[in-house]
>>> print(open('start_33.pdb').read())   # PDB, C-alpha atoms
ATOM      1  CA  MET A   1     -39.074 -53.263  64.369
ATOM      2  CA  ILE A   2     -36.212 -50.773  64.397
ATOM      3  CA  VAL A   3     -32.792 -52.436  64.408
ATOM      4  CA  GLY A   4     -29.342 -50.886  64.457
ATOM      5  CA  TYR A   5     -26.075 -51.908  62.856
ATOM      6  CA  PHE A   6     -22.569 -50.476  62.703
ATOM      7  CA  ARG A   7     -19.055 -51.496  61.736
ATOM      8  CA  ARG A   8     -16.535 -50.450  64.355
ATOM      9  CA  ILE A   9     -14.290 -47.681  63.052
ATOM     10  CA  ASP A  10     -11.992 -45.323  64.943
ATOM     11  CA  ASP A  11     -13.122 -41.902  63.842
ATOM     12  CA  GLY A  12     -13.419 -40.077  67.187
ATOM     13  CA  GLU A  13     -17.172 -39.501  66.902
ATOM     14  CA  ALA A  14     -19.816 -40.222  69.514
ATOM     15  CA  SER A  15     -20.446 -43.834  70.445
ATOM     16  CA  PRO A  16     -22.390 -45.593  67.668
ATOM     17  CA  THR A  17     -24.286 -47.572  70.288
ATOM     18  CA  ALA A  18     -25.465 -44.370  71.988
ATOM     19  CA  ILE A  19     -26.602 -42.964  68.637
ATOM     20  CA  LEU A  20     -28.552 -46.129  67.832
ATOM     21  CA  ARG A  21     -30.165 -46.198  71.295
ATOM     22  CA  ALA A  22     -31.236 -42.580  70.762
ATOM     23  CA  GLU A  23     -32.895 -43.755  67.520
ATOM     24  CA  ARG A  24     -34.883 -46.296  69.597
ATOM     25  CA  CYS A  25     -33.298 -49.427  68.120
ATOM     26  CA  LEU A  26     -34.607 -52.582  69.775
ATOM     27  CA  ARG A  27     -31.692 -54.693  68.563
ATOM     28  CA  ILE A  28     -28.139 -53.482  67.898
ATOM     29  CA  GLU A  29     -25.493 -55.519  66.069
ATOM     30  CA  SER A  30     -21.898 -54.646  65.212
ATOM     31  CA  ASP A  31     -18.940 -56.056  63.311
ATOM     32  CA  ASP A  32     -15.200 -55.542  63.302
ATOM     33  CA  PRO A  33     -13.980 -53.470  60.312
ATOM     34  CA  ALA A  34     -13.004 -56.491  58.189
ATOM     35  CA  LEU A  35     -16.122 -58.549  58.941
ATOM     36  CA  ARG A  36     -19.729 -58.376  57.762
ATOM     37  CA  ASP A  37     -21.189 -61.483  59.438
ATOM     38  CA  ALA A  38     -23.535 -59.757  61.905
ATOM     39  CA  GLY A  39     -24.626 -57.260  59.264
ATOM     40  CA  SER A  40     -25.440 -59.989  56.756
ATOM     41  CA  GLU A  41     -27.396 -61.957  59.347
ATOM     42  CA  LEU A  42     -29.252 -58.835  60.448
ATOM     43  CA  ILE A  43     -30.249 -57.949  56.882
ATOM     44  CA  ALA A  44     -31.364 -61.548  56.283
ATOM     45  CA  SER A  45     -33.611 -61.352  59.366
ATOM     46  CA  LEU A  46     -35.378 -58.144  58.294
ATOM     47  CA  ALA A  47     -39.075 -58.370  57.550
ATOM     48  CA  ASN A  48     -41.556 -56.145  55.730
ATOM     49  CA  GLY A  49     -41.835 -52.806  57.526
ATOM     50  CA  ASP A  50     -38.606 -53.105  59.540
ATOM     51  CA  VAL A  51     -36.097 -50.238  59.639
ATOM     52  CA  LEU A  52     -32.318 -50.715  59.690
ATOM     53  CA  VAL A  53     -30.566 -47.738  61.278
ATOM     54  CA  SER A  54     -26.846 -47.014  60.978
ATOM     55  CA  PRO A  55     -24.984 -44.059  62.519
ATOM     56  CA  SER A  56     -23.434 -43.123  59.147
ATOM     57  CA  ILE A  57     -22.540 -44.455  55.711
ATOM     58  CA  ALA A  58     -18.993 -45.139  56.968
ATOM     59  CA  HIS A  59     -20.411 -47.425  59.682
ATOM     60  CA  LEU A  60     -22.508 -49.329  57.150
ATOM     61  CA  ALA A  61     -20.414 -49.661  53.993
ATOM     62  CA  ALA A  62     -16.834 -49.216  52.821
ATOM     63  CA  SER A  63     -17.757 -47.880  49.372
ATOM     64  CA  THR A  64     -20.627 -46.443  47.398
ATOM     65  CA  ALA A  65     -21.046 -49.720  45.551
ATOM     66  CA  GLU A  66     -21.326 -51.608  48.832
ATOM     67  CA  LEU A  67     -23.808 -49.046  50.187
ATOM     68  CA  LEU A  68     -26.011 -49.555  47.137
ATOM     69  CA  ARG A  69     -25.746 -53.344  47.403
ATOM     70  CA  VAL A  70     -26.760 -53.222  51.080
ATOM     71  CA  ALA A  71     -29.632 -50.804  50.368
ATOM     72  CA  ARG A  72     -30.942 -53.101  47.606
ATOM     73  CA  ALA A  73     -30.780 -56.105  49.933
ATOM     74  CA  ILE A  74     -32.684 -54.200  52.629
ATOM     75  CA  HIS A  75     -35.356 -53.001  50.196
ATOM     76  CA  ALA A  76     -35.717 -56.487  48.716
ATOM     77  CA  ARG A  77     -36.824 -57.665  52.159
ATOM     78  CA  GLY A  78     -39.472 -54.903  52.353
ATOM     79  CA  ALA A  79     -37.494 -52.927  54.944
ATOM     80  CA  THR A  80     -36.071 -49.412  54.820
ATOM     81  CA  LEU A  81     -32.689 -47.890  55.656
ATOM     82  CA  ARG A  82     -32.007 -44.852  57.824
ATOM     83  CA  LEU A  83     -28.552 -43.217  57.988
ATOM     84  CA  VAL A  84     -28.424 -40.860  60.982
ATOM     85  CA  ALA A  85     -25.423 -38.625  60.180
ATOM     86  CA  GLU A  86     -26.420 -38.079  56.542
ATOM     87  CA  GLN A  87     -30.140 -37.782  57.404
ATOM     88  CA  ILE A  88     -31.102 -40.276  54.699
ATOM     89  CA  ASP A  89     -34.308 -42.266  55.206
ATOM     90  CA  THR A  90     -35.217 -44.543  52.308
ATOM     91  CA  SER A  91     -38.855 -44.684  53.368
ATOM     92  CA  ILE A  92     -38.985 -41.345  51.528
ATOM     93  CA  ALA A  93     -38.953 -41.580  47.719
ATOM     94  CA  ALA A  94     -36.472 -38.701  47.369
ATOM     95  CA  ALA A  95     -33.879 -40.604  49.414
ATOM     96  CA  ARG A  96     -34.305 -43.671  47.211
ATOM     97  CA  ASN A  97     -33.756 -41.412  44.184
ATOM     98  CA  VAL A  98     -30.555 -40.076  45.772
ATOM     99  CA  LEU A  99     -29.263 -43.624  46.204
ATOM    100  CA  ALA A 100     -30.186 -44.488  42.612
ATOM    101  CA  THR A 101     -28.377 -41.365  41.394
ATOM    102  CA  LEU A 102     -25.315 -42.279  43.467
ATOM    103  CA  GLY A 103     -25.391 -45.731  41.881
ATOM    104  CA  SER A 104     -25.444 -44.412  38.337
ATOM    105  CA  PHE A 105     -22.727 -41.873  39.175
ATOM    106  CA  ASP A 106     -20.550 -44.593  40.706
ATOM    107  CA  GLY A 107     -21.034 -46.746  37.608
ATOM    108  CA  ARG A 108     -20.028 -43.884  35.300
ATOM    109  CA  VAL A 109     -16.923 -43.136  37.387
ATOM    110  CA  LEU A 110     -15.877 -46.800  37.276
ATOM    111  CA  ASN A 111     -16.429 -46.986  33.504
ATOM    112  CA  ASP A 112     -14.400 -43.805  32.982
ATOM    113  CA  ARG A 113     -11.549 -45.161  35.117
ATOM    114  CA  ARG A 114     -11.636 -48.471  33.245
ATOM    115  CA  ARG A 115     -11.584 -46.730  29.855
ATOM    116  CA  ILE A 116      -8.682 -44.465  30.912
ATOM    117  CA  GLY A 117      -6.753 -47.453  32.283
ATOM    118  CA  LEU A 118      -7.224 -49.399  29.058
ATOM    119  CA  SER A 119      -6.075 -46.465  26.913
ATOM    120  CA  GLU A 120      -3.006 -45.936  29.142
ATOM    121  CA  ALA A 121      -2.183 -49.645  28.900
ATOM    122  CA  LYS A 122      -2.536 -49.476  25.124
ATOM    123  CA  LEU A 123      -0.089 -46.540  25.023
ATOM    124  CA  ARG A 124       2.389 -48.637  27.039
ATOM    125  CA  GLY A 125       1.957 -51.455  24.522
ATOM    126  CA  ALA A 126       0.102 -53.788  26.871
ATOM    127  CA  ALA A 127      -2.821 -55.783  25.570
ATOM    128  CA  PRO A 128      -5.940 -56.020  27.759
ATOM    129  CA  GLY A 129      -7.030 -59.400  29.093
ATOM    130  CA  ARG A 130      -5.201 -62.570  29.858
ATOM    131  CA  PRO A 131      -2.251 -63.486  27.639
ATOM    132  CA  CYS A 132      -2.887 -66.305  25.168
ATOM    133  CA  LYS A 133      -1.354 -69.641  26.108
ATOM    134  CA  ILE A 134      -1.486 -70.872  22.534
ATOM    135  CA  ASP A 135       0.130 -69.039  19.622
ATOM    136  CA  ASP A 136      -0.756 -69.376  15.918
ATOM    137  CA  ALA A 137       1.840 -72.087  15.243
ATOM    138  CA  THR A 138       0.478 -74.211  18.083
ATOM    139  CA  ALA A 139      -3.063 -73.631  16.818
ATOM    140  CA  CYS A 140      -2.036 -75.064  13.443
ATOM    141  CA  SER A 141      -0.509 -78.115  15.117
ATOM    142  CA  ILE A 142      -3.780 -78.557  17.068
ATOM    143  CA  ARG A 143      -5.726 -78.617  13.833
ATOM    144  CA  ASP A 144      -3.317 -81.204  12.388
ATOM    145  CA  ALA A 145      -3.512 -83.358  15.525
ATOM    146  CA  LEU A 146      -7.302 -83.324  15.452
ATOM    147  CA  ALA A 147      -7.290 -84.144  11.734
ATOM    148  CA  SER A 148      -5.076 -87.180  12.440
ATOM    149  CA  GLY A 149      -7.737 -88.559  14.787
ATOM    150  CA  ARG A 150      -6.632 -87.397  18.239
ATOM    151  CA  THR A 151      -9.340 -86.349  20.688
ATOM    152  CA  TYR A 152      -9.848 -82.869  22.077
ATOM    153  CA  ALA A 153      -9.061 -84.169  25.582
ATOM    154  CA  SER A 154      -5.726 -85.758  24.599
ATOM    155  CA  VAL A 155      -4.542 -82.620  22.779
ATOM    156  CA  ALA A 156      -5.674 -80.500  25.740
ATOM    157  CA  ARG A 157      -3.733 -82.697  28.189
ATOM    158  CA  ASP A 158      -0.551 -82.301  26.149
ATOM    159  CA  LEU A 159      -0.885 -78.509  26.111
ATOM    160  CA  GLY A 160      -2.117 -78.099  29.689
ATOM    161  CA  VAL A 161      -5.402 -76.436  28.757
ATOM    162  CA  HIS A 162      -9.070 -77.340  28.994
ATOM    163  CA  PRO A 163     -10.640 -79.365  26.143
ATOM    164  CA  THR A 164     -13.111 -76.526  25.562
ATOM    165  CA  THR A 165     -10.155 -74.300  24.681
ATOM    166  CA  ILE A 166      -9.095 -76.801  22.017
ATOM    167  CA  MET A 167     -12.647 -76.947  20.611
ATOM    168  CA  ARG A 168     -12.841 -73.156  20.463
ATOM    169  CA  LEU A 169      -9.455 -72.882  18.713
ATOM    170  CA  ALA A 170     -10.414 -75.620  16.223
ATOM    171  CA  ARG A 171     -13.668 -73.791  15.400
ATOM    172  CA  ARG A 172     -11.782 -70.526  14.946
ATOM    173  CA  ALA A 173      -9.250 -72.159  12.651
ATOM    174  CA  THR A 174     -12.057 -73.739  10.589
ATOM    175  CA  ALA A 175     -13.830 -70.378  10.323
ATOM    176  CA  ARG A 176     -10.591 -68.729   9.159
ATOM    177  CA  ASP A 177     -10.090 -71.454   6.543
ATOM    178  CA  ASP A 178     -13.666 -70.949   5.256
ATOM    179  CA  GLU A 179     -13.116 -67.215   4.694
TER     180      GLU A 179
END
>>> encode(input="start_33.pdb", output="structure tokens")
Amino acid sequence: MIVGYFRRIDDGEASPTAILRAERCLRIESDDPALRDAGSELIASLANGDVLVSPSIAHLAASTAELLRVARAIHARGATLRLVAEQIDTSIAAARNVLATLGSFDGRVLNDRRRIGLSEAKLRGAAPGRPCKIDDATACSIRDALASGRTYASVARDLGVHPTTIMRLARRATARDDE
């Protein structure tokens, strides 16, 4: 079965419904820009051999990562994806290769941006990750409290952290002492 889906966007192009009817879609679903409910339900209802048609990438996904996630979900159900404006039909192996290439490119771009952001933060003096709640002096007092017989849970309650955090800090302190 050929089904159509689009997110409503105001881009001045021809009616997405008319495009999907021209593609002979038997069922057409749409969502508001911020929603994906109908699209998710439509993808979940796809069966082996079905085709999901969308007027364009912009009507299907907000980003390359989302496009790839949607394409994987469609293919996992044994269906294929057809994007009318871009003339991409994933029933053809070359189109699947294009999507795979886009995925690896998107991953490289994200990794490059992350690496650049971390190096810029380092130049500003910022440390990556969440700030530590417990400093070295507090870690020493944790070790002393545990040695005096207090439980991990009671020490954690006093400091406002999870008992696992106390266990991890105690192990780290023991490993440092062993070195």
>>> resolve_selection(input="start_33.pdb", expression="the PyMOL selection byres ((chain A and resi 83-88) around 8)", output="JSON, numbers by chain")
{"A": [53, 54, 55, 56, 57, 81, 82, 89, 90, 95]}
>>> write_last_selection(input="start_33.pdb", atoms="C-alpha atoms", output="PDB file, in the frame of the given file")
ATOM      1  CA  VAL A  53     -30.566 -47.738  61.278  1.00  0.00           C
ATOM      2  CA  SER A  54     -26.846 -47.014  60.978  1.00  0.00           C
ATOM      3  CA  PRO A  55     -24.984 -44.059  62.519  1.00  0.00           C
ATOM      4  CA  SER A  56     -23.434 -43.123  59.147  1.00  0.00           C
ATOM      5  CA  ILE A  57     -22.540 -44.455  55.711  1.00  0.00           C
ATOM      6  CA  LEU A  81     -32.689 -47.890  55.656  1.00  0.00           C
ATOM      7  CA  ARG A  82     -32.007 -44.852  57.824  1.00  0.00           C
ATOM      8  CA  ASP A  89     -34.308 -42.266  55.206  1.00  0.00           C
ATOM      9  CA  THR A  90     -35.217 -44.543  52.308  1.00  0.00           C
ATOM     10  CA  ALA A  95     -33.879 -40.604  49.414  1.00  0.00           C
TER      11      ALA A  95
END
>>> closest_residue(input="start_33.pdb", among="A:Glu23, A:Ser91, A:Ser40, A:Val51", to="A:Val70", atoms="only C-alpha atoms")
A:Ser40
>>> residues_around(input="start_33.pdb", residues="A:Ala44", least_positions_apart="6", cutoff="9 Å", atoms="all atoms listed in the file", output="PyMOL selection string")
chain A and resi 73-74+77
>>> resolve_selection(input="start_33.pdb", expression="the PyMOL selection byres ((chain A and resi 4) around 9)", output="ChimeraX atom specification")
/A:2-3,5-6,17,20-21,23-30,42,51-55
>>> atom_distance(input="start_33.pdb", atom1="atom CA of A:Met167", atom2="atom CA of A:Tyr152")
6.7 Å
>>> axis_aligned_box(input="start_33.pdb", around="stretch 166-175 of chain A", padding_each_side="5 Å", output="AutoDock Vina command-line options")
--center_x -11.5 --center_y -73.7 --center_z 16.2 --size_x 14.7 --size_y 16.6 --size_z 21.7
>>> atom_distance(input="start_33.pdb", atom1="atom CA of A:Ala121", atom2="atom CA of A:Val109")
18.2 Å
>>> resolve_selection(input="start_33.pdb", expression="the PyMOL selection byres ((chain A and resi 98) around 12)", output="list of chain:residue names")
A:Thr64, A:Leu68, A:Ala71, A:Glu86, A:Gln87, A:Ile88, A:Asp89, A:Thr90, A:Ile92, A:Ala93, A:Ala94, A:Ala95, A:Arg96, A:Asn97, A:Leu99, A:Ala100, A:Thr101, A:Leu102, A:Gly103, A:Ser104, A:Phe105
>>> closest_residue(input="start_33.pdb", among="A:Cys132, A:Gly78, A:Ile142, A:Glu120", to="A:Arg157", atoms="all atoms listed in the file")
A:Ile142
>>> atom_distance(input="start_33.pdb", atom1="atom CA of A:Asn48", atom2="atom CA of A:Met1")
9.4 Å
>>> closest_residue(input="start_33.pdb", among="A:Arg113, A:Leu169, A:Lys122, A:Thr151", to="A:Asp136", atoms="only C-alpha atoms")
A:Leu169
>>> residues_around(input="start_33.pdb", residues="A:Ile166", least_positions_apart="2", cutoff="8 Å", atoms="only C-alpha atoms", output="list in words")
Ile142, Tyr152, Val155, Ala156, Val161, His162, Pro163, Thr164, Arg168, Leu169 and Ala170 of chain A
>>> closest_residue(input="start_33.pdb", among="A:Arg72, A:His59, A:Arg143, A:Arg108", to="A:Ala173", atoms="all atoms listed in the file")
A:Arg143
